[in-house]
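J.: Supplied structure: upload-v9.csv, CSV, C-alpha atoms.
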chain,number,residue,atom,x,y,z
G,1,MET,CA,-0.4,-121.0,85.8
G,2,THR,CA,-3.5,-123.0,85.1
G,3,ALA,CA,-3.8,-126.5,86.5
G,4,SER,CA,-4.4,-128.8,83.6
G,5,ARG,CA,-6.5,-131.9,84.1
G,6,ILE,CA,-3.6,-133.9,82.8
G,7,SER,CA,0.2,-133.7,83.4
G,8,ALA,CA,3.1,-134.3,81.1
G,9,ALA,CA,4.1,-137.4,83.2
G,10,GLY,CA,0.9,-139.2,82.2
G,11,VAL,CA,1.2,-138.6,78.5
G,12,ALA,CA,3.1,-140.6,75.9
G,13,VAL,CA,3.1,-141.4,72.2
G,14,GLY,CA,-0.2,-143.3,71.6
G,15,THR,CA,-2.1,-141.7,74.4
G,16,GLU,CA,-5.7,-141.4,73.2
G,17,LEU,CA,-7.9,-138.4,73.7
G,18,PRO,CA,-11.6,-139.0,74.6
G,19,GLU,CA,-13.7,-139.1,71.4
G,20,GLN,CA,-16.1,-136.3,70.9
G,21,VAL,CA,-19.2,-136.3,68.7
G,22,HIS,CA,-20.8,-133.0,67.8
G,23,ARG,CA,-24.1,-132.3,66.2
G,24,VAL,CA,-24.0,-129.3,63.9
G,25,THR,CA,-27.3,-127.6,62.9
G,26,ARG,CA,-28.1,-124.5,60.8
G,27,ALA,CA,-28.7,-122.6,64.1
G,28,ASP,CA,-25.1,-123.4,65.1
G,29,LEU,CA,-23.8,-122.0,61.8
G,30,VAL,CA,-25.8,-118.8,62.2
G,31,ARG,CA,-24.5,-118.4,65.8
G,32,TYR,CA,-20.9,-119.0,64.6
G,33,ALA,CA,-21.3,-116.5,61.7
G,34,GLY,CA,-22.3,-113.8,64.2
G,35,ALA,CA,-19.6,-114.7,66.7
G,36,SER,CA,-16.8,-114.9,64.0
G,37,GLY,CA,-18.0,-112.2,61.6
G,38,ASP,CA,-17.9,-114.6,58.7
G,39,PHE,CA,-21.2,-114.1,57.0
G,40,ASN,CA,-20.5,-115.9,53.7
G,41,PRO,CA,-24.0,-117.0,52.6
G,42,ILE,CA,-22.8,-120.5,51.7
G,43,HIS,CA,-23.0,-121.1,55.4
G,44,TRP,CA,-26.6,-120.2,55.8
G,45,ASN,CA,-28.3,-119.8,52.4
G,46,GLU,CA,-29.1,-123.0,50.5
G,47,ARG,CA,-29.9,-121.1,47.3
G,48,ILE,CA,-26.5,-119.5,47.1
G,49,ALA,CA,-24.7,-122.6,48.3
G,50,THR,CA,-26.2,-124.7,45.4
G,51,GLU,CA,-25.6,-121.9,42.9
G,52,VAL,CA,-21.9,-122.2,43.5
G,53,GLY,CA,-22.0,-125.9,43.1
G,54,LEU,CA,-22.2,-127.1,46.7
G,55,PRO,CA,-24.7,-129.9,47.6
G,56,ASP,CA,-26.2,-127.8,50.3
G,57,VAL,CA,-25.2,-125.3,53.0
G,58,ILE,CA,-21.8,-126.2,54.5
G,59,ALA,CA,-20.3,-125.4,57.9
G,60,HIS,CA,-17.5,-122.8,58.1
G,61,GLY,CA,-14.2,-124.6,57.9
G,62,MET,CA,-13.2,-122.5,60.9
G,63,PHE,CA,-16.2,-123.8,62.9
G,64,THR,CA,-15.1,-127.4,62.2
G,65,MET,CA,-11.6,-126.5,63.2
G,66,ALA,CA,-12.8,-124.9,66.5
G,67,LEU,CA,-15.0,-128.0,67.3
G,68,ALA,CA,-12.0,-130.3,66.6
G,69,GLY,CA,-9.9,-128.1,68.9
G,70,ARG,CA,-12.3,-128.8,71.7
G,71,ALA,CA,-11.2,-132.4,71.8
G,72,VAL,CA,-7.8,-131.1,72.8
G,73,THR,CA,-8.8,-128.3,75.1
G,74,ASP,CA,-11.4,-130.4,76.9
G,75,TRP,CA,-8.7,-133.1,77.4
G,76,THR,CA,-6.1,-130.7,78.8
G,77,GLY,CA,-8.8,-128.7,80.7
G,78,ASP,CA,-6.7,-125.6,80.0
G,79,PRO,CA,-7.4,-123.9,76.6
G,80,THR,CA,-4.2,-122.0,76.8
G,81,ALA,CA,-2.2,-125.3,76.8
G,82,LEU,CA,-2.8,-125.4,73.0
G,83,VAL,CA,0.0,-123.3,71.7
G,84,GLU,CA,0.0,-124.3,68.0
G,85,TYR,CA,-2.8,-125.7,65.8
G,86,ASN,CA,-3.1,-126.3,62.1
G,87,VAL,CA,-5.5,-128.0,59.8
G,88,ARG,CA,-6.1,-128.6,56.1
G,89,PHE,CA,-9.7,-128.4,55.0
G,90,GLY,CA,-10.5,-131.5,53.0
G,91,ARG,CA,-14.2,-132.0,52.5
G,92,PRO,CA,-17.0,-129.7,53.6
G,93,VAL,CA,-19.3,-130.6,56.4
G,94,VAL,CA,-22.7,-130.5,54.7
G,95,VAL,CA,-25.5,-129.3,57.1
G,96,PRO,CA,-29.1,-130.1,56.0
G,97,ASP,CA,-32.0,-127.9,57.0
G,98,ASP,CA,-33.4,-130.3,59.6
G,99,ASP,CA,-33.3,-130.7,63.4
G,100,ARG,CA,-30.6,-133.4,63.2
G,101,GLY,CA,-28.1,-131.4,61.2
G,102,ALA,CA,-24.7,-133.0,60.6
G,103,GLU,CA,-22.5,-135.1,62.9
G,104,VAL,CA,-18.8,-134.3,63.3
G,105,THR,CA,-16.7,-136.9,65.1
G,106,VAL,CA,-13.3,-136.0,66.5
G,107,THR,CA,-10.7,-138.5,67.8
G,108,GLY,CA,-7.1,-137.7,68.7
G,109,LYS,CA,-3.9,-139.4,69.7
G,110,VAL,CA,-0.5,-138.2,70.9
G,111,GLY,CA,1.8,-138.5,67.9
G,112,ALA,CA,5.0,-137.2,69.2
G,113,VAL,CA,6.8,-136.0,72.4
G,114,LEU,CA,8.6,-132.8,71.7
G,115,ASP,CA,10.9,-130.8,73.9
G,116,ASP,CA,10.0,-128.3,76.6
G,117,GLY,CA,6.9,-130.3,77.9
G,118,ARG,CA,5.3,-130.1,74.5
G,119,PHE,CA,3.3,-132.9,72.7
G,120,ARG,CA,1.9,-133.2,69.2
G,121,VAL,CA,-1.6,-134.4,69.1
G,122,ASP,CA,-2.9,-135.8,65.7
G,123,LEU,CA,-6.6,-135.4,65.2
G,124,THR,CA,-9.0,-137.3,63.0
G,125,VAL,CA,-12.1,-135.4,62.1
G,126,THR,CA,-14.9,-137.1,60.2
G,127,SER,CA,-18.5,-136.3,59.1
G,128,ASP,CA,-20.7,-138.9,57.5
G,129,GLY,CA,-17.8,-141.4,57.6
G,130,GLU,CA,-15.5,-139.1,55.5
G,131,LYS,CA,-12.5,-137.2,56.7
G,132,VAL,CA,-13.3,-133.5,56.6
G,133,LEU,CA,-10.0,-132.2,58.0
G,134,SER,CA,-6.6,-133.6,57.0
G,135,LEU,CA,-3.3,-133.0,58.7
G,136,ALA,CA,-5.1,-131.7,61.8
G,137,ARG,CA,-2.4,-131.2,64.4
G,138,ALA,CA,-2.2,-129.5,67.7
G,139,ILE,CA,0.9,-128.8,69.9
G,140,VAL,CA,0.1,-128.7,73.6
G,141,ARG,CA,2.3,-127.6,76.4
G,142,LEU,CA,1.8,-129.5,79.6
G,143,ALA,CA,3.2,-128.9,83.1
N,1,MET,CA,-4.7,-116.3,36.2
N,2,ALA,CA,-1.3,-117.4,37.5
N,3,LEU,CA,0.1,-115.7,40.6
N,4,ASP,CA,3.3,-113.8,40.4
N,5,ARG,CA,6.0,-115.3,42.6
N,6,GLU,CA,7.4,-111.8,43.2
N,7,LEU,CA,4.4,-111.3,45.5
N,8,VAL,CA,6.1,-113.5,48.1
N,9,GLY,CA,7.3,-111.4,50.9
N,10,ARG,CA,5.0,-108.5,50.2
N,11,SER,CA,3.8,-107.0,53.4
N,12,TYR,CA,0.9,-104.6,54.0
N,13,PRO,CA,0.4,-101.7,56.3
N,14,PRO,CA,-0.8,-102.6,59.8
N,15,SER,CA,-4.6,-102.7,60.4
N,16,ALA,CA,-6.5,-100.4,62.7
N,17,VAL,CA,-6.5,-101.5,66.3
N,18,TYR,CA,-8.9,-104.3,67.3
N,19,GLU,CA,-9.8,-104.1,71.0
N,20,VAL,CA,-10.6,-107.6,72.4
N,21,GLY,CA,-13.7,-107.5,74.6
N,22,ARG,CA,-14.9,-109.9,77.3
N,23,ALA,CA,-18.3,-110.1,75.7
N,24,LYS,CA,-16.9,-111.0,72.3
N,25,ILE,CA,-14.7,-113.8,73.8
N,26,ALA,CA,-17.7,-115.2,75.7
N,27,GLU,CA,-19.9,-115.0,72.5
N,28,PHE,CA,-17.2,-116.8,70.5
N,29,ALA,CA,-16.7,-119.5,73.2
N,30,THR,CA,-20.5,-120.1,73.4
N,31,ALA,CA,-20.7,-120.4,69.6
N,32,ILE,CA,-18.1,-123.2,69.6
N,33,GLY,CA,-19.4,-124.8,72.8
N,34,ALA,CA,-16.2,-124.1,74.7
N,35,ASP,CA,-17.3,-124.1,78.4
N,36,SER,CA,-14.0,-123.3,80.2
N,37,PRO,CA,-14.5,-120.7,82.9
N,38,LEU,CA,-11.3,-119.1,81.6
N,39,HIS,CA,-13.3,-117.6,78.7
N,40,ARG,CA,-16.0,-116.1,80.9
N,41,ASP,CA,-15.0,-115.7,84.6
N,42,VAL,CA,-12.4,-113.0,85.3
N,43,ASP,CA,-11.7,-114.4,88.7
N,44,ALA,CA,-11.1,-117.9,87.4
N,45,ALA,CA,-8.8,-116.5,84.7
N,46,ARG,CA,-6.8,-114.4,87.3
N,47,ALA,CA,-6.5,-117.5,89.6
N,48,ALA,CA,-5.0,-119.3,86.6
N,49,GLY,CA,-2.4,-116.5,86.2
N,50,HIS,CA,-4.0,-114.5,83.4
N,51,PRO,CA,-4.7,-110.8,83.7
N,52,ASP,CA,-8.2,-111.2,82.2
N,53,VAL,CA,-10.4,-113.8,80.4
N,54,VAL,CA,-8.6,-115.6,77.6
N,55,ALA,CA,-9.9,-116.4,74.1
N,56,PRO,CA,-10.3,-119.9,72.7
N,57,PRO,CA,-7.5,-121.0,70.4
N,58,THR,CA,-9.1,-120.1,67.1
N,59,PHE,CA,-10.5,-116.7,68.2
N,60,GLY,CA,-7.7,-115.0,66.3
N,61,ILE,CA,-9.6,-115.6,63.1
N,62,VAL,CA,-12.0,-112.9,64.1
N,63,VAL,CA,-9.2,-110.4,63.5
N,64,SER,CA,-7.0,-112.2,61.0
N,65,LEU,CA,-9.4,-113.2,58.3
N,66,GLU,CA,-10.5,-109.7,57.7
N,67,ALA,CA,-6.9,-108.5,57.8
N,68,ALA,CA,-5.9,-111.1,55.2
N,69,MET,CA,-8.5,-109.6,52.8
N,70,VAL,CA,-6.0,-106.8,52.2
N,71,VAL,CA,-4.2,-109.3,50.0
N,72,LEU,CA,-7.3,-109.9,47.8
N,73,ASP,CA,-7.8,-106.2,47.4
N,74,ASP,CA,-4.2,-105.8,46.1
N,75,PRO,CA,-4.6,-105.1,42.3
N,76,ASP,CA,-1.4,-107.1,41.7
N,77,VAL,CA,-3.1,-110.2,43.2
N,78,ALA,CA,-5.2,-111.3,40.3
N,79,ILE,CA,-7.5,-113.8,41.9
N,80,ASP,CA,-11.3,-113.9,41.8
N,81,TYR,CA,-12.6,-113.6,45.4
N,82,SER,CA,-15.8,-115.5,44.5
N,83,ARG,CA,-13.7,-118.6,43.7
N,84,VAL,CA,-11.7,-118.5,46.9
N,85,VAL,CA,-12.0,-121.2,49.5
N,86,HIS,CA,-10.1,-121.7,52.7
N,87,GLY,CA,-7.4,-124.4,52.2
N,88,GLU,CA,-5.4,-124.5,55.4
N,89,GLN,CA,-5.2,-122.6,58.6
N,90,ARG,CA,-2.5,-122.4,61.3
N,91,PHE,CA,-2.4,-120.6,64.6
N,92,THR,CA,0.8,-120.1,66.6
N,93,HIS,CA,0.2,-118.6,70.0
N,94,HIS,CA,3.0,-116.6,71.5
N,95,ARG,CA,0.7,-116.0,74.4
N,96,PRO,CA,-3.1,-116.3,74.8
N,97,ILE,CA,-5.3,-113.5,73.4
N,98,ARG,CA,-7.1,-111.9,76.3
N,99,ALA,CA,-9.7,-109.3,76.9
N,100,GLY,CA,-8.3,-105.8,76.9
N,101,ASP,CA,-5.7,-106.6,74.2
N,102,ARG,CA,-5.5,-103.9,71.6
N,103,LEU,CA,-4.3,-105.9,68.6
N,104,VAL,CA,-2.8,-104.7,65.4
N,105,ALA,CA,-2.7,-107.1,62.4
N,106,THR,CA,0.1,-107.1,59.9
N,107,THR,CA,-0.4,-109.2,56.8
N,108,THR,CA,2.4,-110.7,54.7
N,109,ILE,CA,2.3,-113.0,51.6
N,110,ASP,CA,4.3,-116.1,52.6
N,111,ALA,CA,3.7,-118.1,49.5
N,112,ALA,CA,2.0,-117.8,46.1
N,113,ARG,CA,1.9,-120.6,43.5
N,114,SER,CA,-0.4,-122.0,40.9
N,115,VAL,CA,-1.1,-125.8,40.9
N,116,ALA,CA,-3.2,-127.6,38.3
N,117,GLY,CA,-5.0,-124.4,37.4
N,118,ASN,CA,-5.7,-123.4,41.0
N,119,ASP,CA,-4.0,-120.4,42.6
N,120,LEU,CA,-2.7,-121.0,46.1
N,121,LEU,CA,-1.9,-118.0,48.3
N,122,THR,CA,-0.6,-118.1,51.8
N,123,ALA,CA,-1.3,-115.0,53.9
N,124,ARG,CA,0.4,-114.7,57.3
N,125,VAL,CA,-1.2,-112.4,59.8
N,126,ASP,CA,0.9,-111.3,62.7
N,127,LEU,CA,-1.2,-110.2,65.6
N,128,ALA,CA,0.6,-108.0,68.1
N,129,THR,CA,-0.4,-105.5,70.7
N,130,GLU,CA,-0.2,-101.8,69.9
N,131,ASP,CA,3.0,-101.8,71.9
N,132,GLY,CA,4.6,-104.4,69.7
N,133,GLU,CA,4.2,-107.5,71.9
N,134,ALA,CA,3.8,-110.6,69.6
N,135,VAL,CA,0.5,-112.4,70.5
N,136,CYS,CA,-0.5,-114.8,67.7
N,137,THR,CA,0.5,-115.7,64.2
N,138,ALA,CA,-2.5,-116.8,62.1
N,139,THR,CA,-1.6,-118.2,58.7
N,140,SER,CA,-4.3,-118.8,56.1
N,141,MET,CA,-3.8,-120.7,52.8
N,142,LEU,CA,-6.4,-119.6,50.3
N,143,VAL,CA,-7.3,-121.5,47.2
N,144,ALA,CA,-8.8,-119.8,44.1
N,145,ARG,CA,-10.3,-122.6,42.1
N,146,GLY,CA,-9.5,-122.4,38.4
N,147,GLU,CA,-12.2,-121.8,35.8
N,148,SER,CA,-13.6,-125.2,34.9
In structure tokens, what does this structure look like?

T.:
Amino acid sequence: MTASRISAAGVAVGTELPEQVHRVTRADLVRYAGASGDFNPIHWNERIATEVGLPDVIAHGMFTMALAGRAVTDWTGDPTALVEYNVRFGRPVVVPDDDRGAEVTVTGKVGAVLDDGRFRVDLTVTSDGEKVLSLARAIVRLA
Amino acid sequence: MALDRELVGRSYPPSAVYEVGRAKIAEFATAIGADSPLHRDVDAARAAGHPDVVAPPTFGIVVSLEAAMVVLDDPDVAIDYSRVVHGEQRFTHHRPIRAGDRLVATTTIDAARSVAGNDLLTARVDLATEDGEAVCTATSMLVARGES
């Protein structure tokens, strides 16, 4: 199967994943809407977002989940090494209508060594200094 | 309106077949910035032991979220779609989703409860091939915020 960039032998509880910082603009949300089929207007229309009580347009939770998952798949080098992935959506990522957009920062650390070459990675995902995902965990299987 | 606990375990008829395309996988990978050749290059995917290009880990949502809507269309599930937000999401991969897969989604209510005026509903979507091979289980917890 795929050669991962890392091997199980080099990973232990506490192993840190390289930090990733993503810039998220309105254009990214439109592209994700098209790719995913989630056209909820709160992700691209400020008028409707504010009508339902949001401060502004917000990113799809699933887009944030996908970005956070990249910290894991870029670390392993093999996207299929990620066999289980769960998140709880805490705060929305608010995306202003400017060229800078929002910043999403993802850090991760191996939290547990499981059986069968599997490891649990605990992710911390923040935007504007606040956690946007809680209980974000991935199980990876390494050779 | 509170959710009826008897909804737990209710399963819905399988969806129509969703055929996974190479272009859709590449489009999704680009949208999330995933640059692995396994999402775009058939030769690279085959060299890695896959029959065709593979999807990023959260791609299943393309099929599962729409499939889960069958729950909100159930007249016994009295929640207001306009108040629904996505609370939690889980993917369990039995094997990678890949181009050429002909997937069928079967949705089951795993949990239903009301907490502090909010309705919490967990929909499990089992994605399998037409032939019945389990591919991915995508579980979505939906929260319908209570009237405030």

J.: Nearest to His50 in chain N: which of G:Thr105, G:Ser134, G:Leu142, G:Asp78 is it, counting only C-alpha atoms?

T.: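 Under the stated criterion, the closest residue is G:Asp78.
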
J.: Would you mind listing what lies within 10 Å of Gly129 in chain G as a PyMOL selection string, with all atoms listed in the file counted and same-chain residues fewer than 2 positions away left out?

T.: chain G and resi 103-105+125-127+131-132

J.: Quick one: distance from CA of Ser7 in chain G to CA of Ile32 in chain N in Å, one decimal?

T.: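 CA of Ile32 in chain N lies 25.2 Å from CA of Ser7 in chain G.
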
J.: Leaving out Thr129 in chain N and any residue of its chain fewer than 2 positions from it, which residues lie within 10 Å of it when counting all atoms listed in the file, given as a VMD selection string?

T.: chain N and resid 17 to 19 97 101 to 105 126 to 127 131 to 136

J.: Give me, please, the distance in Å between CA of Met69 in chain N and CA of Arg145 in chain N, quoted to one decimal.

T.: 16.9 Å

J.: Just checking: using all atoms listed in the file, which residue out of N:Arg5, N:Arg40, N:Arg46, N:His93 ends up closest to Ile109 in chain N?

T.: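 Using all atoms listed in the file, Ile109 in chain N sits closest to N:Arg5.
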
J.: State, in Å with one decimal place, the distance from CA of Asp110 in chain N to CA of Arg95 in chain N.

T.: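 So the answer is 22.1 Å.
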
J.: Given a cut-off of 9 Å, which residues of chain G touch chain N, counting all atoms listed in the file, written out as JSON, numbers by chain?

T.: {"G": [1, 2, 3, 28, 29, 31, 32, 33, 34, 35, 36, 37, 38, 52, 61, 62, 63, 65, 66, 67, 69, 70, 73, 74, 77, 78, 79, 80, 82, 83, 84, 85, 86, 87, 88, 89, 90]}

J.: Please enclose the listed atoms of range 98-111 of chain N in an axis-aligned box, pad each side by 5 Å, and write out the centre and the three edge lengths in Å, rounded to one decimal, as AutoDock Vina command-line options.

T.:
--center_x -2.7 --center_y -111.0 --center_z 63.2 --size_x 24.0 --size_y 24.2 --size_z 37.4

J.: Counting only C-alpha atoms, what is within 7 Å of range 112-116 of chain N, bar same-chain residues fewer than 4 positions away, as a PyMOL selection string?

T.: chain N and resi 2-3+5+7-8+120-122

J.: Quick one: residues within 9 Å of Asp97 in chain G, all atoms listed in the file counted, chain neighbours fewer than 5 positions away excluded, as a list in words?

T.: Thr25, Arg26, Glu46, Asp56 and Val57 of chain G

J.: Determine the nearest neighbour of Lys109 in chain G from the options G:Arg5, G:Arg47, G:Arg137, G:His22, counting only C-alpha atoms.

T.: G:Arg137

J.: Residues at most 7 Å from Tyr12 in chain N, counting only C-alpha atoms, excluding those fewer than 4 positions away in the same chain, as a list of chain:residue names?

T.: N:Thr106, N:Thr107, N:Thr108

J.: Restricting the calculation to only C-alpha atoms, which member of G:Val94, G:Arg118, G:Ala12, G:Arg141 is positioned closest to Trp44 in chain G?

T.: G:Val94

J.: N:Arg10, N:Gly100, N:Gly21, N:Ala128: which is nearest Asp74 in chain N, counting all atoms listed in the file?

T.: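 For Asp74 in chain N, the nearest of the given residues is N:Arg10.
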
J.: Neighbourhood query: residues within 7 Å of (-4.5, -139.2, 73.1), file coordinates, counting all atoms listed in the file; return as a list in words.

T.: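 So the residues meeting the distance criterion are Gly14, Thr15, Glu16, Leu17, Gly108, Lys109, Val110 and Val121 of chain G.
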
J.: Taking all atoms listed in the file into account, which of N:Ala68, N:Ala111, N:Ala99, N:Val42 comes nearest Arg22 in chain N?

T.: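 That would be N:Ala99, the residue with the smallest distance to Arg22 in chain N.
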